[in-house]
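Below: one structure, written as structure tokens.
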Amino acid sequence: MTETDVVIIGAGHNGLTCAAYLAMAGLRVKVVERRKVVGGAAVTEEFHPGFRNSVAAYTVSLLNPKIVSDLKLSDHGLRIVERRAQNFLPSLDGSYLLTGEGRTRQSLAKLSERDADKIDAFARELETIADVLRQFVLRAPPNIVEGFGVGAIREALNALGSANILRRLSLEQQRSLLDLFTRSAGEMLDERFESDLVKALYGFDAIVGNYASPYAAGSAYVMLHHAFGEVNGKKGVWGHAIGGMGAITQAMARAARGHGADIELDAGVREVIVERGRAAGVILDNGETIRAKYVASSVNPKLLYTRLLPADALPAAFLDRIKNWRNGSGTFRINVALSALPSFAALPGEGDHLTAGIILGPSLGYMDRAWQDARAHGWSREPVIEVVIPSTLDDALCPPGRHVASLFCQHVAPQLPDGRSWDDHREEVADLMIATVDGYAPGFAASVIGRQILSPLDLERQFGLLGGDIFHGALTLNQLFSARPMLGHADYRGPLKGLGAHPGGGVTGAPGHNAARVILGDHRALFG
Ligand SMILES: Cc1cc2nc3c(=O)[nH]c(=O)nc-3n(C[C@H](O)[C@H](O)[C@H](O)COP(=O)(O)OP(=O)(O)OC[C@H]3O[C@@H](n4cnc5c(N)ncnc54)[C@H](O)[C@@H]3O)c2cc1C
């Protein structure tokens, strides 16, 4: 039996961030991870002899700069570079849109002068609201509490602080905020733009990890969620971690260990120990017991509360609701080893566009049909895919002259209809995804010399992402902010004393940072 102050379930980037902050503050911390590697969904692996790539998460922007700085991730080897162009959207009719600093307006003007005149205003509108979100990211959202105790006073102050942030917005900006939290991205984009490709540029952000039509209410929030990041101080920009996403979590693990945290791998948690109505530690799959004052969890909340805790440890109403926690982001992920760079018919040959996020999904109508098709059939016969070729920015991922690409495919059903299994359809769907890319870049399929395929079921088995959900729970209004994971528990404290969790969305580090703050606050209140 081991004893520690805090045991953290899972060494994903949030578990590691939490561990680093707690250890930095002097607490004894033990992280227990089911897999043989740290990193959770942010890992780099050799998937084909001589070819490495980020396995699941593949591109950086949301990672919070304060965390990069506090954990001194650069000193621990992390280097993030910007894409030379941000997004490239080819169309099968030969037109394309290429975005990035100094390019967007000019490229869009070739498609629509009218849209080119409007895009800066829309980008500013998003940026203003994203700035507000940035102020909320590193603090627990206001939590709903019953009664008038200490918790009520704390939350009243928190709500006042939040209101104060919102008060700085003009009335018109508050209207935009309401639109972005409640409306569909499709409606908002149709009102502003006429070109399909510029609508698809923003529409893609609205369906990334969101198994829904871009015309579904709430999809505008998902679009906003993908706009609040930054790379090396440049807002709204996406980049690449040299060495892949695993470089981020390796640096975090070094930071946590450097402050004294103990990280045990191949150490799955079988059960959270509950004593006198309080979490008191964990029991591992191998039977080892770790006792702790606090238990922090970075696994999907449904997994935590329905599989790792005895049912009678939780209020029945809470358990009923968490059983219905909505998972399933409709994601299918492929890594490919390439003998050569792809050449897109709309913009042939090499160039900065090959460093961009290449979005194949040329209109909102196409994205809507993809979702409808996936609902009926299990996957879309005309899928939406983002292709990223990290080896254009990082030559250590594969042999010279060769390349690796990440295919992030949207709109497959988390569970196939009619009881079919993803195990029986994985290869067929991967073939379809590769053929879809080939439609835009003839010769692509023939250049594939190795591939790694992750269906929603594989993502669940490998990473514990229920339904393959990349965000540990859909980013729908009823599962966001003060309602994440449930009204009354948005403050990183679950219904069981001593056990906290807060599902994040993307490689931000924010839930890990915020959970550490709450644990430290509670610890100081108890022990001074
Ligand atoms: C295919 C895909 C693509 C994505 N692309 C991006 C992207 O490009 N950019 C971006 O910012 N985000 C992306 N995301 C989202 C992002 O990767 C996740 O939101 C983020 O990594 C979650 O981090 P986490 O630490 O909260 O959880 P996780 O990374 O899921 O870590 C949880 C850890 O808990 C472990 N665990 C589970 N059960 C147990 C147990 N019983 N005992 C012990 N340990 C356990 C798991 O093995 C895992 O290591 C993507 C995700 C996926 C799946």
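We label chains A, B, ... in the order they appear in the structure tokens, count residues from 1 in each chain, and number ligands from 1 in the order shown.
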
Write out as a tab-separated table a residue-level contact list of chain A versus ligand 1 with cut-off 6 Å: for each qualifying residue the closest pair of atoms and the distance in Å to one decimal, counting only C-alpha atoms and all ligand atoms, rows sorted by chain and residue number upward.
residue	atom	partner	partner_atom_place_in_ligand_line	distance
A:Ile9	CA	ligand 1	43 (C)	4.9
A:Gly10	CA	ligand 1	34 (O)	3.3
A:Ala11	CA	ligand 1	49 (O)	4.9
A:Gly12	CA	ligand 1	31 (O)	3.3
A:His13	CA	ligand 1	25 (O)	4.0
A:Asn14	CA	ligand 1	25 (O)	3.7
A:Gly15	CA	ligand 1	25 (O)	5.5
A:Val32	CA	ligand 1	43 (C)	5.4
A:Glu33	CA	ligand 1	44 (N)	3.9
A:Arg34	CA	ligand 1	44 (N)	4.0
A:Arg35	CA	ligand 1	47 (O)	5.1
A:Gly39	CA	ligand 1	49 (O)	5.6
A:Gly40	CA	ligand 1	49 (O)	3.1
A:Ala41	CA	ligand 1	29 (O)	3.9
A:Ala42	CA	ligand 1	21 (O)	5.0
A:Ala56	CA	ligand 1	1 (C)	3.9
A:Ala57	CA	ligand 1	5 (N)	3.2
A:Tyr58	CA	ligand 1	8 (O)	3.9
A:Thr59	CA	ligand 1	8 (O)	3.8
A:Val60	CA	ligand 1	9 (N)	5.3
A:Leu62	CA	ligand 1	11 (O)	5.4
A:Gly268	CA	ligand 1	42 (N)	3.6
A:Val269	CA	ligand 1	42 (N)	3.7
A:Arg270	CA	ligand 1	41 (N)	5.9
A:Ser298	CA	ligand 1	32 (C)	5.2
A:Val299	CA	ligand 1	32 (C)	4.8
A:Arg333	CA	ligand 1	1 (C)	5.3
A:Phe463	CA	ligand 1	47 (O)	4.8
A:Gly464	CA	ligand 1	37 (C)	4.9
A:Ile470	CA	ligand 1	51 (C)	4.0
A:Phe471	CA	ligand 1	19 (O)	4.4
A:Gly504	CA	ligand 1	26 (O)	5.6
A:Gly505	CA	ligand 1	19 (O)	4.4
A:Gly506	CA	ligand 1	19 (O)	3.4
A:Val507	CA	ligand 1	11 (O)	3.7

#### Entry: alpha helix (DSSP H) call set, DSSP backbone run, range 415-525 of chain A, as a ChimeraX atom specification
/A:426-440,444-447,456-463,510-525

### Task
Pick out each residue of range 157-295 of chain A that DSSP on the backbone tags as strand (DSSP E or B); I need them as a VMD selection string.
chain A and resid 230 to 231 234 to 235 239 to 241 262 to 264 269 to 275 278 to 284 289 to 295

### Query
Using only C-alpha atoms, which of the listed residues (A:Ile153, A:Leu338, A:Val222, A:Ile263) sits closest to Gly401 in chain A?
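Among A:Ile153, A:Leu338, A:Val222, A:Ile263, it is A:Leu338 that comes nearest to Gly401 in chain A.
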
### Task
Find the residues near range 112-125 of chain A: any atom within 9 Å, counting only C-alpha atoms, skip ones fewer than 6 places away on the same chain, and give them as a PyMOL selection string.
chain A and resi 104-106+173+176+192-195+198

### Task
Using only C-alpha atoms, find the one residue out of A:Pro503, A:Gly218, A:Gly77, A:Gly467 that sits nearest to Ala251 in chain A.
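Looking only at the distances to Ala251 in chain A, the closest residue turns out to be A:Gly77.
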
### Task
Could you tell me which of A:Cys398, A:Val518, A:Leu465, A:Val237 comes closest to Ala85 in chain A if we count only C-alpha atoms?
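For Ala85 in chain A, the nearest of the given residues is A:Val237.
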
### Separation of CA of Met24 in chain A from CA of Gly258 in chain A in Å
8.8 Å

### Message
So that I can see what lies close to Thr508 in chain A, please list as a ChimeraX atom specification the residues with an atom at most 10 Å from it, counting only C-alpha atoms and leaving out residues fewer than 5 positions away in the same chain.
### Response
/A:13-14,17,60-65,67-68,137-138,229,513

Proximity of range 180-244 of chain A to range 384-394 of chain A: per-residue shortest pair, 10 Å limit, only C-alpha atoms, as CSV:
residue,atom,partner,partner_atom,distance
A:Phe204,CA,A:Val384,CA,8.3
A:Ile207,CA,A:Val384,CA,9.4
A:Val208,CA,A:Glu386,CA,9.3
A:Gly239,CA,A:Leu393,CA,9.3
A:His240,CA,A:Pro390,CA,6.9
A:Ala241,CA,A:Asp394,CA,8.6
A:Ile242,CA,A:Asp394,CA,6.0
A:Gly243,CA,A:Asp394,CA,7.2
A:Gly244,CA,A:Pro390,CA,8.0

### Message
Neighbouring residues of Thr436 in chain A were defined as those with any atom within 8 Å, considering only C-alpha atoms; residues of the same chain fewer than 4 positions away were excluded. Please report them as a list in words.
### Response
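Near Thr436 in chain A, the qualifying residues are Glu382, Pro383, Leu432 and Tyr440 of chain A.
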